[in-house]
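Novice: Below is one structure. I have some questions about it.
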Amino acid sequence: MPTNMIESRVHRILRRMERYRPARPEDADRLGLTTLLEQGERLIGMYLNPPGPITDEVAVTTERIFLHRPGLEPQHFKYCDIQDLSMGEEEKASRSVTVTLKDGSVIVVDFAGGEGKLRDSLSFLHFLSRAKDDIQLGNTITERSDAK
C-alpha cells in the first residue's frame, strides 16, 4: 500500500494510461536525474510519448515532475510550486497541460496518448490538480496496520 499521497494519486490516476509505466532502476541515470533528486525523493514512474513531434518524457517523482526533452537539460517543477493548471486553448482537443508556477513562470507539458474524454492530458491535469490540493491541505497517507 502506498505510504505517500503522491504515490497513491499516481496509482489511482496515472497507472491506467497506456503510455505510463512504473519507473525502472535505469531511468534516473538515463535521464540524468540521479544528481537532481533531493534526499528522500523517489522516481515513481514515467510517461513516454511516442516517437514523433512530441518527444518529451515526463518523469513523476514523490516531490515533482521532470520533463526530459532530448538535447536539453531536464526542466522540473514541484507540486507545491503550482499556482494554476489549465488545458490548451481548445480544451476539448488539447493534448497539453499548462502549469503556472507561483513565481509566474509557465511550463507546457505535452501528452500524445489517449482519445476523447480519455486523453492522457486530462488524466495528468487531474493528477496534478489533486497533488497540488493535497499538498496545500497538508493531506498525507500513512501505512495502516489494519490494511488487508
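Residue numbering restarts at 1 for every chain of the C-alpha cells, chains are lettered A, B, ... in their displayed order, and ligands are numbered from 1 as they appear.
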Taking a cut-off of 10 Å and counting only C-alpha atoms, can you build a table that, for each residue of stretch 39-83 of chain A near stretch 23-28 of chain A, reports the nearest atom pair and how far apart they are in Å (one decimal), sorted by chain then residue number, as a Markdown table?

Specialist:
| residue | atom | partner | partner_atom | distance |
| --- | --- | --- | --- | --- |
| A:Arg42 | CA | A:Ala23 | CA | 9.4 |
| A:Leu43 | CA | A:Ala23 | CA | 6.3 |
| A:Ile44 | CA | A:Ala23 | CA | 5.3 |
| A:Gly45 | CA | A:Ala23 | CA | 4.0 |
| A:Met46 | CA | A:Ala23 | CA | 5.8 |
| A:Tyr47 | CA | A:Ala23 | CA | 9.4 |
| A:Ala59 | CA | A:Ala23 | CA | 8.2 |
| A:Val60 | CA | A:Ala23 | CA | 8.5 |
| A:Thr61 | CA | A:Ala23 | CA | 9.3 |

Novice: Once DSSP has gone over the backbone, tell me which residues of stretch 36-131 of chain A are in strand (DSSP E), as a ChimeraX atom specification.

Specialist: /A:43-48,57-61,64-68,75-78,82-87,96-101,106-110

Novice: For A:Asp103, which of A:Asn4, A:Asn49, A:Ser121, A:Gln83 is the closest residue, counting only C-alpha atoms?

Specialist: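 Checking each candidate against A:Asp103, we get A:Gln83 as the closest.
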
Novice: What is the distance between atom CA of A:Val99 and atom CA of A:Asp84, in Å to one decimal?

Specialist: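 Atom CA of A:Asp84 lies 6.1 Å from atom CA of A:Val99.
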
Novice: Please report the interatomic distance between atom CA of A:Ser129 and atom CA of A:Val106 in Å with one decimal.

Specialist: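 Atom CA of A:Val106 lies at a distance of 15.5 Å from atom CA of A:Ser129.
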
Novice: For A:Thr62, which residue out of A:Met5, A:Leu14, A:Leu33, A:Val97 is the nearest one, using only C-alpha atoms?

Specialist: A:Met5

Novice: For the atom pair atom CA of A:Leu125 and atom CA of A:Val10, what is the interatomic distance in Å to one decimal place?

Specialist: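 These atoms are spaced 12.0 Å apart.
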
Novice: Would you kindly return, as a list in words, each protein, DNA or RNA residue with an atom no farther than 8 Å from any atom of A:Pro74, considering only C-alpha atoms and excluding same-chain residues fewer than 3 positions away?

Specialist: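 Answer for this query is Leu31, Gly32, Leu33, Phe66, Leu67, His68 and Arg69 of chain A.
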
Novice: Would you kindly return, as a PyMOL selection string, each protein, DNA or RNA residue with an atom no farther than 12 Å from any atom of A:Asp81, considering only C-alpha atoms and excluding same-chain residues fewer than 2 positions away?

Specialist: chain A and resi 63-65+76-79+83-85+99-107+128-129+131-133+135-136

Novice: Identify which of the residues A:Leu72, A:Val58, A:Ile6, A:Ile13 lies closest to A:Glu41, counting only C-alpha atoms when measuring atom-to-atom distances.

Specialist: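 Under the stated criterion, the closest residue is A:Ile6.
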